[in-house]
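Undergrad: CSV, C-alpha atoms and all ligand atoms, saved as run.csv, coming up:
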```
chain,number,residue,atom,x,y,z
Q,1,MET,CA,27.1,1.2,-6.5
Q,2,SER,CA,24.2,-0.9,-7.5
Q,3,LYS,CA,20.8,-1.3,-5.9
Q,4,HIS,CA,19.3,-4.8,-5.9
Q,5,ILE,CA,15.5,-5.2,-6.2
Q,6,VAL,CA,13.7,-8.5,-5.6
Q,7,VAL,CA,10.6,-8.8,-7.8
Q,8,ILE,CA,7.8,-11.1,-6.6
Q,9,PRO,CA,5.1,-11.2,-9.3
Q,10,GLY,CA,2.8,-13.6,-7.5
Q,11,ASP,CA,-0.5,-14.7,-9.1
Q,12,GLY,CA,-3.1,-13.5,-11.5
Q,13,ILE,CA,-2.2,-10.1,-13.1
Q,14,GLY,CA,0.9,-10.0,-10.8
Q,15,LYS,CA,3.4,-10.8,-13.6
Q,16,GLU,CA,1.8,-8.3,-16.1
Q,17,ILE,CA,1.9,-5.4,-13.6
Q,18,THR,CA,5.4,-6.1,-12.2
Q,19,ASP,CA,6.8,-6.5,-15.7
Q,20,ALA,CA,5.4,-3.1,-16.4
Q,21,ALA,CA,6.9,-1.5,-13.3
Q,22,VAL,CA,10.3,-3.1,-14.0
Q,23,LYS,CA,10.2,-1.7,-17.5
Q,24,VAL,CA,9.6,1.7,-16.0
Q,25,LEU,CA,12.3,1.3,-13.5
Q,26,GLN,CA,14.8,0.3,-16.2
Q,27,LYS,CA,13.8,3.5,-18.1
Q,28,ILE,CA,14.4,5.5,-14.9
Q,29,ASP,CA,17.8,3.8,-14.5
Q,30,ASP,CA,18.8,4.8,-18.1
Q,31,LYS,CA,18.2,8.4,-17.1
Q,32,PHE,CA,19.2,8.6,-13.5
Q,33,HIS,CA,22.0,6.0,-13.4
Q,34,ILE,CA,21.1,4.4,-10.1
Q,35,GLY,CA,22.5,1.0,-11.1
Q,36,LEU,CA,19.4,-1.1,-10.5
Q,37,THR,CA,19.6,-4.9,-10.6
Q,38,PHE,CA,16.6,-7.2,-10.6
Q,39,GLU,CA,15.9,-10.8,-9.4
Q,40,THR,CA,12.5,-12.6,-9.6
Q,41,LYS,CA,11.2,-14.8,-6.9
Q,42,ASP,CA,8.1,-16.9,-6.4
Q,43,ALA,CA,5.3,-16.5,-3.8
Q,44,GLY,CA,1.6,-17.1,-3.5
Q,45,GLY,CA,-0.5,-19.7,-5.2
Q,46,THR,CA,2.1,-20.2,-7.9
Q,47,ALA,CA,4.7,-21.0,-5.3
Q,48,TYR,CA,2.3,-23.3,-3.6
Q,49,ASP,CA,1.8,-25.3,-6.8
Q,50,LYS,CA,5.5,-25.5,-7.4
Q,51,TYR,CA,6.9,-26.1,-3.9
Q,52,GLY,CA,4.0,-26.8,-1.7
Q,53,THR,CA,4.4,-23.5,0.2
Q,54,PRO,CA,3.2,-20.0,-0.6
Q,55,LEU,CA,6.4,-18.5,0.7
Q,56,PRO,CA,9.6,-20.5,0.0
Q,57,ASP,CA,12.6,-19.8,2.3
Q,58,ASP,CA,14.6,-18.9,-0.8
Q,59,THR,CA,12.2,-16.0,-1.5
Q,60,VAL,CA,12.4,-14.8,2.2
Q,61,GLU,CA,16.2,-15.0,2.2
Q,62,ALA,CA,16.5,-13.0,-1.1
Q,63,ALA,CA,14.0,-10.4,0.1
Q,64,LYS,CA,15.9,-9.9,3.4
Q,65,LYS,CA,19.1,-9.1,1.4
Q,66,ALA,CA,17.4,-6.9,-1.1
Q,67,ASP,CA,17.6,-3.1,-1.1
Q,68,ALA,CA,13.8,-3.2,-1.8
Q,69,VAL,CA,11.1,-5.7,-2.8
Q,70,LEU,CA,8.6,-5.1,-5.5
Q,71,PHE,CA,5.5,-7.2,-5.0
Q,72,GLY,CA,2.6,-7.9,-7.4
Q,73,ALA,CA,-0.4,-9.7,-5.9
Q,74,VAL,CA,-1.3,-13.1,-4.7
Q,75,GLY,CA,-4.4,-15.3,-4.5
Q,76,GLY,CA,-7.1,-16.8,-6.7
Q,77,ASP,CA,-10.1,-19.0,-6.2
Q,78,GLN,CA,-8.2,-22.1,-7.5
Q,79,TRP,CA,-6.5,-22.1,-4.0
Q,80,ASP,CA,-9.8,-21.7,-2.0
Q,81,ASP,CA,-9.6,-25.3,-0.8
Q,82,VAL,CA,-6.0,-25.2,0.3
Q,83,GLU,CA,-5.6,-25.4,4.1
Q,84,PRO,CA,-5.6,-21.9,5.8
Q,85,SER,CA,-1.9,-21.9,6.8
Q,86,LEU,CA,-0.8,-22.6,3.1
Q,87,ARG,CA,-3.1,-20.2,1.3
Q,88,PRO,CA,-1.5,-17.7,-1.1
Q,89,GLU,CA,-2.3,-14.7,1.2
Q,90,ARG,CA,-0.1,-16.2,3.8
Q,91,ALA,CA,2.9,-15.1,1.7
Q,92,VAL,CA,2.0,-11.4,2.5
Q,93,LEU,CA,1.7,-12.0,6.2
Q,94,GLY,CA,4.8,-14.1,6.2
Q,95,LEU,CA,6.9,-11.4,4.5
Q,96,ARG,CA,5.5,-8.7,6.8
Q,97,LYS,CA,6.7,-10.8,9.8
Q,98,ALA,CA,10.0,-11.9,8.3
Q,99,LEU,CA,11.0,-8.5,7.2
Q,100,GLY,CA,9.6,-6.6,10.2
Q,101,LEU,CA,7.5,-4.4,8.1
Q,102,TYR,CA,6.2,-2.1,10.9
Q,103,VAL,CA,4.6,0.6,8.8
Q,104,ASN,CA,2.2,0.6,5.9
Q,105,LEU,CA,2.0,3.7,3.8
Q,106,ARG,CA,-1.0,4.4,1.6
Q,107,PRO,CA,-0.9,7.7,-0.3
Q,108,VAL,CA,-4.3,8.9,-1.8
Q,109,LYS,CA,-4.0,11.6,-4.3
Q,110,VAL,CA,-6.9,12.8,-6.3
Q,111,SER,CA,-6.1,15.1,-9.2
Q,112,SER,CA,-8.8,17.0,-11.2
Q,113,VAL,CA,-8.3,14.3,-13.9
Q,114,LEU,CA,-9.2,11.4,-11.4
Q,115,ALA,CA,-11.9,13.3,-9.5
Q,116,GLU,CA,-14.6,12.2,-11.9
Q,117,TYR,CA,-14.0,8.6,-10.9
Q,118,SER,CA,-14.6,9.3,-7.2
Q,119,PRO,CA,-17.9,8.5,-5.5
Q,120,LEU,CA,-17.5,12.0,-3.9
Q,121,LYS,CA,-18.5,15.2,-5.6
Q,122,PRO,CA,-15.5,16.6,-7.6
Q,123,ASP,CA,-15.4,19.9,-5.7
Q,124,ILE,CA,-15.1,18.0,-2.4
Q,125,VAL,CA,-12.5,15.5,-3.5
Q,126,THR,CA,-10.2,17.4,-5.9
Q,127,GLY,CA,-6.9,18.2,-4.4
Q,128,THR,CA,-7.0,15.4,-1.8
Q,129,ASP,CA,-3.4,14.4,-1.0
Q,130,ILE,CA,-3.2,12.2,2.0
Q,131,VAL,CA,-0.7,9.6,3.3
Q,132,ILE,CA,-2.0,7.1,5.8
Q,133,VAL,CA,0.7,5.8,8.1
Q,134,ARG,CA,-0.7,2.6,9.6
Q,135,GLU,CA,1.1,0.6,12.3
Q,136,LEU,CA,1.4,-2.9,10.8
Q,137,ILE,CA,2.8,-5.5,13.2
Q,138,GLY,CA,1.2,-4.7,16.5
Q,139,GLY,CA,-2.3,-4.0,18.0
Q,140,ILE,CA,-5.3,-6.3,18.0
Q,141,TYR,CA,-4.2,-8.4,14.9
Q,142,PHE,CA,-1.2,-9.7,16.8
Q,143,GLY,CA,-2.5,-9.8,20.4
Q,144,ASP,CA,-3.6,-12.9,22.3
Q,145,LYS,CA,-6.6,-14.6,20.8
Q,146,CYS,CA,-9.2,-17.1,21.8
Q,147,GLU,CA,-11.2,-18.7,19.0
Q,148,SER,CA,-13.8,-20.2,21.2
Q,149,GLU,CA,-14.4,-20.5,24.9
Q,150,ILE,CA,-17.5,-21.8,26.6
Q,151,HIS,CA,-18.7,-20.6,30.0
Q,152,ASP,CA,-22.1,-21.5,31.4
Q,153,GLY,CA,-23.1,-22.7,28.0
Q,154,VAL,CA,-22.3,-19.4,26.3
Q,155,GLU,CA,-19.6,-19.4,23.6
Q,156,ARG,CA,-17.4,-16.4,23.2
Q,157,ALA,CA,-14.2,-15.5,21.4
Q,158,TRP,CA,-11.8,-12.7,22.1
Q,159,ASP,CA,-8.8,-10.7,20.7
Q,160,LEU,CA,-6.5,-8.6,22.8
Q,161,GLU,CA,-5.5,-5.2,21.7
Q,162,ASN,CA,-2.1,-4.3,23.0
Q,163,TYR,CA,0.4,-1.5,22.2
Q,164,SER,CA,3.6,-0.5,23.9
Q,165,VAL,CA,5.1,3.0,24.2
Q,166,PRO,CA,8.1,2.1,22.0
Q,167,GLU,CA,5.8,0.8,19.3
Q,168,VAL,CA,3.8,4.0,19.2
Q,169,GLN,CA,6.9,6.2,19.4
Q,170,ARG,CA,8.4,4.5,16.4
Q,171,ILE,CA,5.3,4.9,14.2
Q,172,THR,CA,4.8,8.5,15.4
Q,173,ARG,CA,8.3,9.5,14.5
Q,174,PHE,CA,7.9,7.9,11.0
Q,175,ALA,CA,4.7,10.0,10.5
Q,176,MET,CA,6.3,13.2,11.8
Q,177,GLU,CA,9.3,12.7,9.4
Q,178,ALA,CA,6.9,12.0,6.5
Q,179,ALA,CA,5.0,15.2,7.3
Q,180,ARG,CA,8.2,17.2,7.3
Q,181,LYS,CA,8.7,16.2,3.6
Q,182,ARG,CA,5.1,17.1,2.9
Q,183,ARG,CA,2.8,19.8,4.2
Q,184,GLY,CA,3.7,19.6,7.9
Q,185,LYS,CA,0.5,18.3,9.4
Q,186,VAL,CA,-0.2,15.1,11.3
Q,187,THR,CA,-3.6,13.8,12.3
Q,188,SER,CA,-3.5,11.0,14.9
Q,189,VAL,CA,-6.5,8.7,15.1
Q,190,ASP,CA,-7.5,6.7,18.1
Q,191,LYS,CA,-10.5,5.9,20.3
Q,192,SER,CA,-9.2,7.3,23.5
Q,193,ASN,CA,-12.6,8.0,24.9
Q,194,VAL,CA,-13.2,4.2,25.2
Q,195,LEU,CA,-9.9,2.3,24.8
Q,196,ALA,CA,-6.9,2.1,27.2
Q,197,THR,CA,-4.6,1.3,24.2
Q,198,SER,CA,-5.8,4.5,22.6
Q,199,ARG,CA,-5.1,6.6,25.7
Q,200,LEU,CA,-1.5,5.3,25.7
Q,201,TRP,CA,-1.4,6.0,22.0
Q,202,ARG,CA,-2.5,9.6,22.3
Q,203,ARG,CA,-0.3,10.3,25.3
Q,204,THR,CA,2.7,8.9,23.5
Q,205,VAL,CA,2.0,10.8,20.2
Q,206,ILE,CA,1.7,14.1,22.1
Q,207,ASP,CA,5.0,13.3,23.8
Q,208,VAL,CA,6.9,12.5,20.6
Q,209,ALA,CA,5.4,15.6,18.9
Q,210,LYS,CA,7.4,17.8,21.4
Q,211,ASP,CA,10.5,16.9,19.3
Q,212,TYR,CA,8.7,18.2,16.2
Q,213,PRO,CA,7.5,21.7,17.0
Q,214,ASP,CA,7.3,22.5,13.3
Q,215,ILE,CA,4.6,19.9,12.8
Q,216,VAL,CA,0.9,20.8,13.4
Q,217,LEU,CA,-0.7,17.9,15.3
Q,218,ASN,CA,-4.4,17.2,15.8
Q,219,HIS,CA,-6.4,14.2,17.0
Q,220,TYR,CA,-9.5,12.6,15.8
Q,221,TYR,CA,-11.5,9.7,17.2
Q,222,VAL,CA,-11.7,7.0,14.6
Q,223,ASP,CA,-15.5,7.4,14.0
Q,224,ASN,CA,-15.1,11.1,13.4
Q,225,CYS,CA,-12.1,10.6,11.1
Q,226,ALA,CA,-14.1,8.1,9.0
Q,227,MET,CA,-16.8,10.8,8.6
Q,228,GLN,CA,-14.2,13.6,7.9
Q,229,LEU,CA,-12.6,11.6,5.2
Q,230,ALA,CA,-15.9,11.6,3.3
Q,231,LEU,CA,-16.9,15.2,4.2
Q,232,ASN,CA,-13.7,17.1,3.8
Q,233,PRO,CA,-10.8,14.9,2.7
Q,234,THR,CA,-8.6,17.9,1.6
Q,235,GLN,CA,-8.1,18.8,5.3
Q,236,PHE,CA,-5.7,15.9,5.8
Q,237,ASP,CA,-1.9,15.6,5.1
Q,238,VAL,CA,-0.5,12.7,7.1
Q,239,ILE,CA,-2.8,10.4,9.2
Q,240,VAL,CA,-1.1,8.1,11.8
Q,241,THR,CA,-3.0,5.3,13.4
Q,242,GLY,CA,-2.9,1.7,14.7
Q,243,ASN,CA,-3.3,-1.5,12.8
Q,244,LEU,CA,-7.0,-2.0,13.0
Q,245,PHE,CA,-8.2,1.6,12.5
Q,246,GLY,CA,-5.5,2.0,9.7
Q,247,ASP,CA,-6.8,-1.1,7.9
Q,248,ILE,CA,-10.3,0.3,7.8
Q,249,LEU,CA,-9.4,4.0,7.1
Q,250,SER,CA,-7.0,3.1,4.3
Q,251,ASP,CA,-9.7,1.3,2.4
Q,252,GLU,CA,-12.1,4.1,2.9
Q,253,ALA,CA,-9.5,6.6,1.8
Q,254,ALA,CA,-8.5,4.5,-1.3
Q,255,VAL,CA,-12.1,4.5,-2.6
Q,256,LEU,CA,-12.1,8.4,-2.6
Q,257,GLY,CA,-9.8,8.2,-5.7
Q,258,GLY,CA,-12.3,6.0,-7.5
Q,259,SER,CA,-9.9,3.5,-8.9
Q,260,ILE,CA,-8.0,0.8,-7.1
Q,261,GLY,CA,-6.0,0.4,-10.3
Q,262,MET,CA,-4.2,3.7,-9.5
Q,263,MET,CA,-3.3,3.2,-5.8
Q,264,PRO,CA,0.2,2.3,-4.6
Q,265,SER,CA,1.4,1.3,-1.2
Q,266,ALA,CA,4.6,0.7,0.7
Q,267,SER,CA,5.4,-1.4,3.8
Q,268,ILE,CA,8.5,-0.1,5.5
Q,269,GLY,CA,10.7,-2.4,7.6
Q,270,GLU,CA,14.0,-2.5,9.3
Q,271,LEU,CA,15.7,-5.0,7.0
Q,272,THR,CA,14.1,-3.8,3.8
Q,273,SER,CA,10.8,-2.5,2.5
Q,274,LEU,CA,8.1,-3.9,0.3
Q,275,TYR,CA,6.1,-2.0,-2.4
Q,276,GLU,CA,2.9,-3.3,-3.9
Q,277,PRO,CA,-0.4,-2.0,-5.4
Q,278,ILE,CA,-3.3,-2.1,-3.0
Q,279,HIS,CA,-5.4,-4.1,-5.4
Q,280,GLY,CA,-5.4,-7.9,-5.6
Q,281,SER,CA,-4.5,-10.4,-8.3
Q,282,ALA,CA,-7.7,-9.7,-10.3
Q,283,PRO,CA,-8.1,-13.2,-11.6
Q,284,ASP,CA,-11.1,-12.1,-13.7
Q,285,ILE,CA,-8.8,-10.2,-16.1
Q,286,ALA,CA,-5.5,-12.1,-15.6
Q,287,GLY,CA,-3.6,-13.0,-18.8
Q,288,GLN,CA,-5.5,-10.6,-21.0
Q,289,GLY,CA,-2.9,-7.8,-21.0
Q,290,ILE,CA,-5.5,-5.2,-19.9
Q,291,ALA,CA,-4.7,-4.6,-16.3
Q,292,ASN,CA,-4.0,-1.1,-15.2
Q,293,PRO,CA,-0.2,-1.0,-14.4
Q,294,CYS,CA,-0.3,2.4,-12.8
Q,295,ALA,CA,-0.7,1.3,-9.1
Q,296,THR,CA,2.4,-0.9,-9.4
Q,297,ILE,CA,4.3,1.8,-11.4
Q,298,LEU,CA,3.5,4.3,-8.7
Q,299,SER,CA,4.6,1.7,-6.0
Q,300,ALA,CA,7.9,1.6,-7.9
Q,301,ALA,CA,8.1,5.4,-7.5
Q,302,MET,CA,7.6,5.0,-3.7
Q,303,LEU,CA,10.4,2.4,-3.8
Q,304,LEU,CA,12.7,5.0,-5.3
Q,305,ARG,CA,11.6,7.6,-2.7
Q,306,TYR,CA,11.6,5.6,0.5
Q,307,SER,CA,14.2,2.8,0.0
Q,308,LEU,CA,16.7,4.4,-2.4
Q,309,ASP,CA,16.4,8.1,-1.6
Q,310,GLU,CA,15.9,8.9,-5.3
Q,311,ASP,CA,13.3,11.6,-4.9
Q,312,ALA,CA,13.8,13.1,-8.3
Q,313,ALA,CA,13.4,9.8,-10.0
Q,314,ALA,CA,10.2,9.1,-8.0
Q,315,ALA,CA,8.8,12.5,-9.0
Q,316,ALA,CA,9.7,11.8,-12.6
Q,317,ILE,CA,7.5,8.6,-12.6
Q,318,GLU,CA,4.6,10.4,-10.8
Q,319,ALA,CA,4.7,13.2,-13.3
Q,320,ALA,CA,4.8,10.8,-16.3
Q,321,VAL,CA,1.7,8.9,-15.0
Q,322,ASP,CA,-0.1,12.3,-14.4
Q,323,LYS,CA,0.8,13.3,-17.9
Q,324,ALA,CA,-0.4,10.1,-19.4
Q,325,LEU,CA,-3.8,10.5,-17.7
Q,326,ALA,CA,-4.0,14.2,-18.6
Q,327,ASP,CA,-3.3,13.4,-22.2
Q,328,GLY,CA,-6.3,11.1,-22.2
Q,329,TRP,CA,-4.7,7.6,-21.9
Q,330,ARG,CA,-7.0,5.2,-20.1
Q,331,THR,CA,-6.8,1.5,-19.3
Q,332,ALA,CA,-10.0,-0.5,-19.5
Q,333,ASP,CA,-10.9,0.0,-15.8
Q,334,LEU,CA,-11.0,3.8,-16.4
Q,335,TYR,CA,-12.0,4.0,-20.0
Q,336,LYS,CA,-14.9,6.2,-21.1
Q,337,GLU,CA,-15.8,7.4,-24.6
Q,338,GLY,CA,-13.7,10.1,-26.0
Q,339,PHE,CA,-10.5,8.9,-24.3
Q,340,LYS,CA,-7.5,6.9,-25.8
Q,341,LYS,CA,-7.8,3.3,-24.9
Q,342,ALA,CA,-4.6,1.7,-23.6
Q,343,ASP,CA,-3.8,-1.9,-22.7
Q,344,THR,CA,-1.1,-2.7,-20.1
Q,345,HIS,CA,1.8,-2.5,-22.6
Q,346,THR,CA,0.6,0.8,-24.2
Q,347,MET,CA,0.1,2.5,-20.9
Q,348,THR,CA,3.6,1.4,-19.8
Q,349,ASP,CA,5.2,2.6,-23.0
Q,350,VAL,CA,3.4,5.9,-22.7
Q,351,VAL,CA,4.7,6.4,-19.2
Q,352,CYS,CA,8.3,5.4,-20.3
Q,353,GLN,CA,8.1,7.8,-23.1
Q,354,TYR,CA,7.1,10.7,-20.8
Q,355,ILE,CA,9.9,9.9,-18.4
F,1,LIG,P1,-7.9,-9.4,-2.8
F,1,LIG,O1,-8.7,-10.3,-1.9
F,1,LIG,O2,-6.6,-10.0,-3.2
F,1,LIG,O3,-7.9,-8.0,-2.4
F,1,LIG,P2,-10.2,-8.9,-4.5
F,1,LIG,O4,-10.9,-10.0,-5.2
F,1,LIG,O5,-10.7,-8.3,-3.3
F,1,LIG,O6,-8.7,-9.5,-4.2
F,1,LIG,P3,-9.0,-7.5,-6.7
F,1,LIG,O7,-8.2,-8.6,-7.1
F,1,LIG,O8,-8.2,-6.2,-6.3
F,1,LIG,O9,-9.9,-7.7,-5.5
F,1,LIG,O10,-10.0,-7.2,-7.8
F,1,LIG,C1,-11.2,-6.4,-7.6
F,1,LIG,C2,-11.8,-5.9,-8.9
F,1,LIG,O11,-10.9,-4.9,-9.4
F,1,LIG,C3,-11.7,-7.0,-10.0
F,1,LIG,O12,-12.9,-6.9,-10.9
F,1,LIG,C4,-10.5,-6.7,-10.8
F,1,LIG,O13,-10.5,-7.1,-12.1
F,1,LIG,C5,-10.4,-5.2,-10.6
F,1,LIG,N1,-9.0,-4.7,-10.7
F,1,LIG,C6,-8.1,-4.9,-9.6
F,1,LIG,N2,-6.9,-4.5,-10.0
F,1,LIG,C7,-7.0,-4.0,-11.2
F,1,LIG,C8,-6.0,-3.4,-12.2
F,1,LIG,N3,-4.7,-3.2,-11.9
F,1,LIG,N4,-6.5,-3.0,-13.4
F,1,LIG,C9,-7.8,-3.2,-13.7
F,1,LIG,N5,-8.7,-3.8,-12.9
F,1,LIG,C10,-8.3,-4.2,-11.7
F,2,MG,MG,-9.7,-7.3,-1.5
```
Would it be possible to restate this file's structure as structure tokens?
TA:
Amino acid sequence: MSKHIVVIPGDGIGKEITDAAVKVLQKIDDKFHIGLTFETKDAGGTAYDKYGTPLPDDTVEAAKKADAVLFGAVGGDQWDDVEPSLRPERAVLGLRKALGLYVNLRPVKVSSVLAEYSPLKPDIVTGTDIVIVRELIGGIYFGDKCESEIHDGVERAWDLENYSVPEVQRITRFAMEAARKRRGKVTSVDKSNVLATSRLWRRTVIDVAKDYPDIVLNHYYVDNCAMQLALNPTQFDVIVTGNLFGDILSDEAAVLGGSIGMMPSASIGELTSLYEPIHGSAPDIAGQGIANPCATILSAAMLLRYSLDEDAAAAAIEAAVDKALADGWRTADLYKEGFKKADTHTMTDVVCQYI
């Protein structure tokens, strides 16, 4: 049986980093005999230039049928003047919607090797191993909006936050299952002292947790959670939260590791799931062959784990990346004197070798 992966390189360094991840996946396939097949599709500014749309139907259709989607990055300032509905970033929102990607997963793992790149003190951050589970297609980002309303000469705008019990149940179950495969702890984040949606959120999480007596559940208000992430990040295992709080906390958590070039992500859906690095298209270094491919390679590991159930293959990639770093290989973004400098190709080859 074969597994079909749609690769969407996008713009900027997108092609360099997805090429690297595909090479690693091919190496994995040689070893684990998964039967991976690949197909490349356009999206982002590159697609806009070719077809006048950042997300061609053909790309959406292929993605819907795929076992998983590997995504690079989109965007670049040459498309700044394009009208908002046709900007490259629309491709990401469009795919989220078309594929029903309801959960965004952001792991943050800080080994002793990476701790020196963190803005936190090494003794505080070393050993951090968190997965943030963010609800991705509900909440305030998708509620009713008013751009501008004038009453008695005063202009205002508003966004409506809105969550239903089934939406919260679904994301909570996902977090509980994820915690079962990890250290068995879930922290739910809300603002239930102020918001009605958060009170519904907390009540629903507590309810769902009754089906998971093996999981230790605790609750933080979002402001306290933001503080705890900086004070004591090793206390967390799985964090589950809504769209807005998750957006903010995942960027805060990502910075703990010190390098966006190392951070993978997954967006899980009902039809299929999409895997991409958290960083953007890095137009400033595009085409130079120096981008750090690890975030995309680690996203490919998540693809194996969450879409193909190939846990051993995923772990092999993660171990190979760890070993490359432990052996002193560093791409330009992480390079310091005394280390072995690697361009995108070299880093990819080293990882393939260690697999
Ligand atoms: P976006 O709006 O798409 O998030 P951005 O401009 O906020 O884009 P990035 O494209 O992620 O951010 O780039 C931010 C900085 O990080 C840039 O200087 C870029 O070169 C650097 N960077 C991003 N990804 C990588 C990578 N994989 N390897 C090396 N440097 C990177
Ligand atoms: Mg950005």
Undergrad: So, with all atoms listed in the file as the atoms that count, which of Q:Cys146, Q:Ala320, Q:Leu93, Q:Ala282 lies closest to ligand LIG 1 (chain F)?
TA: Q:Ala282
Undergrad: Taking only C-alpha atoms and all ligand atoms into account, produce a table as a tab-separated table in which each residue of chain Q with an atom at most 10 Å from an atom of ligand LIG 1 (chain F) appears once, together with its shortest atom pair and the distance in Å to one decimal, ordered by chain and rising number.
TA:
```
residue	atom	partner	partner_atom	distance
Q:Asp11	CA	F:LIG1	O2	9.7
Q:Gly12	CA	F:LIG1	O7	8.3
Q:Ile13	CA	F:LIG1	N3	7.4
Q:Gly14	CA	F:LIG1	N3	8.9
Q:Glu16	CA	F:LIG1	N3	9.3
Q:Ile17	CA	F:LIG1	N3	7.2
Q:Gly72	CA	F:LIG1	N3	9.8
Q:Ala73	CA	F:LIG1	O2	6.8
Q:Val74	CA	F:LIG1	O2	6.3
Q:Gly75	CA	F:LIG1	O2	5.9
Q:Gly76	CA	F:LIG1	O2	7.7
Q:Asp77	CA	F:LIG1	O4	9.1
Q:Pro88	CA	F:LIG1	O2	9.5
Q:Glu89	CA	F:LIG1	O2	7.7
Q:Ser259	CA	F:LIG1	C10	8.3
Q:Ile260	CA	F:LIG1	N2	6.1
Q:Gly261	CA	F:LIG1	N3	4.1
Q:Met262	CA	F:LIG1	N3	7.3
Q:Met263	CA	F:LIG1	N3	9.0
Q:Pro277	CA	F:LIG1	N3	7.9
Q:Ile278	CA	F:LIG1	O8	7.2
Q:His279	CA	F:LIG1	O8	3.6
Q:Gly280	CA	F:LIG1	O7	3.3
Q:Ser281	CA	F:LIG1	O7	4.3
Q:Ala282	CA	F:LIG1	O7	3.4
Q:Pro283	CA	F:LIG1	O7	6.4
Q:Asp284	CA	F:LIG1	O13	5.3
Q:Ile285	CA	F:LIG1	O13	5.3
Q:Ala286	CA	F:LIG1	O13	7.9
Q:Gly289	CA	F:LIG1	N4	9.7
Q:Ile290	CA	F:LIG1	C9	6.9
Q:Ala291	CA	F:LIG1	N4	3.8
Q:Asn292	CA	F:LIG1	N4	3.6
Q:Pro293	CA	F:LIG1	N3	5.6
Q:Cys294	CA	F:LIG1	N3	7.2
Q:Ala295	CA	F:LIG1	N3	6.6
Q:Thr296	CA	F:LIG1	N3	7.9
Q:Thr331	CA	F:LIG1	C9	7.4
Q:Ala332	CA	F:LIG1	C9	6.8
Q:Asp333	CA	F:LIG1	C9	4.9
Q:Leu334	CA	F:LIG1	C9	8.2
Q:Asp343	CA	F:LIG1	N4	9.7
Q:Thr344	CA	F:LIG1	N4	8.6
```
Undergrad: Rank nothing, just name the residue among Q:Phe339, Q:Tyr220, Q:Tyr275, Q:Tyr354 nearest to Q:Val24, using all atoms listed in the file.
TA: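 Among the listed residues, Q:Tyr354 lies closest to Q:Val24.
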Undergrad: Contacts of Q:Thr172 at 7 Å or less, counting only C-alpha atoms, minus same-chain residues fewer than 5 places along, as a list of chain:residue names?
TA: Q:Val205, Q:Val208, Q:Val240
Undergrad: Any idea what the distance is between atom CA of Q:Leu298 and atom CA of Q:Glu135?
TA: 21.5 Å
Undergrad: In Å, with one decimal, what is the gap from atom CA of Q:Arg134 to atom CA of Q:Asp251?
TA: 11.6 Å
Undergrad: Set the distance at 7 Å and use all atoms listed in the file: which residues neighbour stretch 201-204 of chain Q once local chain neighbours fewer than 4 positions away are removed? I'd like the list as a ChimeraX atom specification.
TA: /Q:165,168-169,197,208
Undergrad: To one decimal place in Å, what is the distance between atom CA of Q:Tyr141 and atom CA of Q:Val7?
TA: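 Answer for the atom CA of Q:Tyr141 to atom CA of Q:Val7 separation: 27.1 Å.
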Undergrad: What are the closest atom pairs, with distances in Å to one decimal, for all residues of stretch 196-277 of chain Q lying within 9 Å of stretch 300-305 of chain Q? Consider all atoms listed in the file, order rows by chain and residue number, and present the result as a Markdown table.
TA:
```
| residue | atom | partner | partner_atom | distance |
| --- | --- | --- | --- | --- |
| Q:Pro264 | CA | Q:Met302 | CA | 7.9 |
| Q:Ser265 | CA | Q:Met302 | CA | 7.6 |
| Q:Ala266 | CA | Q:Met302 | CA | 6.8 |
| Q:Ser273 | CA | Q:Leu303 | CA | 8.0 |
| Q:Leu274 | CA | Q:Leu303 | CA | 7.9 |
| Q:Tyr275 | CA | Q:Leu303 | CA | 6.3 |
| Q:Glu276 | CA | Q:Ala300 | CA | 8.1 |
```
Undergrad: From the list Q:Ala254, Q:Ala230, Q:Cys352, Q:Ala324, which residue is nearest ligand MG 2 (chain F) when using only C-alpha atoms and all ligand atoms?
TA: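 Closest to ligand MG 2 (chain F) of all the choices is Q:Ala254.
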Undergrad: Which polymer residues, whether protein, DNA or RNA, lie within 7 Å of the coordinate (9.1, -1.1, 12.1) when you count only C-alpha atoms? List them as number ranges by chain, using the chain letters and numbers from the file.
TA: Q: 100-103, 268-270
Undergrad: Keeping only C-alpha atoms, write those residues as a JSON list (two decimals), keeping the file's coordinate frame.
TA:
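Contents of the output file part-v7.json:
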```
[["chain", "number", "residue", "atom", "x", "y", "z"],
["Q", 100, "GLY", "CA", 9.60, -6.60, 10.20],
["Q", 101, "LEU", "CA", 7.50, -4.40, 8.10],
["Q", 102, "TYR", "CA", 6.20, -2.10, 10.90],
["Q", 103, "VAL", "CA", 4.60, 0.60, 8.80],
["Q", 268, "ILE", "CA", 8.50, -0.10, 5.50],
["Q", 269, "GLY", "CA", 10.70, -2.40, 7.60],
["Q", 270, "GLU", "CA", 14.00, -2.50, 9.30]]
```
Undergrad: Rank Q:Val154, Q:Ile8, Q:Val238, Q:Val92 by their smallest atom-to-atom distance to Q:Arg182, using all atoms listed in the file, and report the top residue only.
TA: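 Closest to Q:Arg182, using all atoms listed in the file: Q:Val238.
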Undergrad: Counting only C-alpha atoms, find residues at most 6 Å from (-6.3, 13.7, 3.6) (file frame) and give them as a list in words.
TA: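 Final list of nearby residues, as requested, is Thr128, Asp129, Ile130, Pro233, Thr234, Gln235, Phe236 and Asp237 of chain Q.
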Undergrad: Using only C-alpha atoms and all ligand atoms, can you tell me which of Q:Gly44, Q:Asp190, Q:Ser307, Q:Asp247 comes closest to ligand MG 2 (chain F)?
TA: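 Looking at the shortest contact to ligand MG 2 (chain F), the residue is Q:Asp247.
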Undergrad: From the list Q:Ile317, Q:Leu325, Q:Ile124, Q:Val110, which residue is nearest Q:Asn232 when using all atoms listed in the file?
TA: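 Of Q:Ile317, Q:Leu325, Q:Ile124, Q:Val110, the one nearest Q:Asn232 is Q:Ile124, counting all atoms listed in the file.
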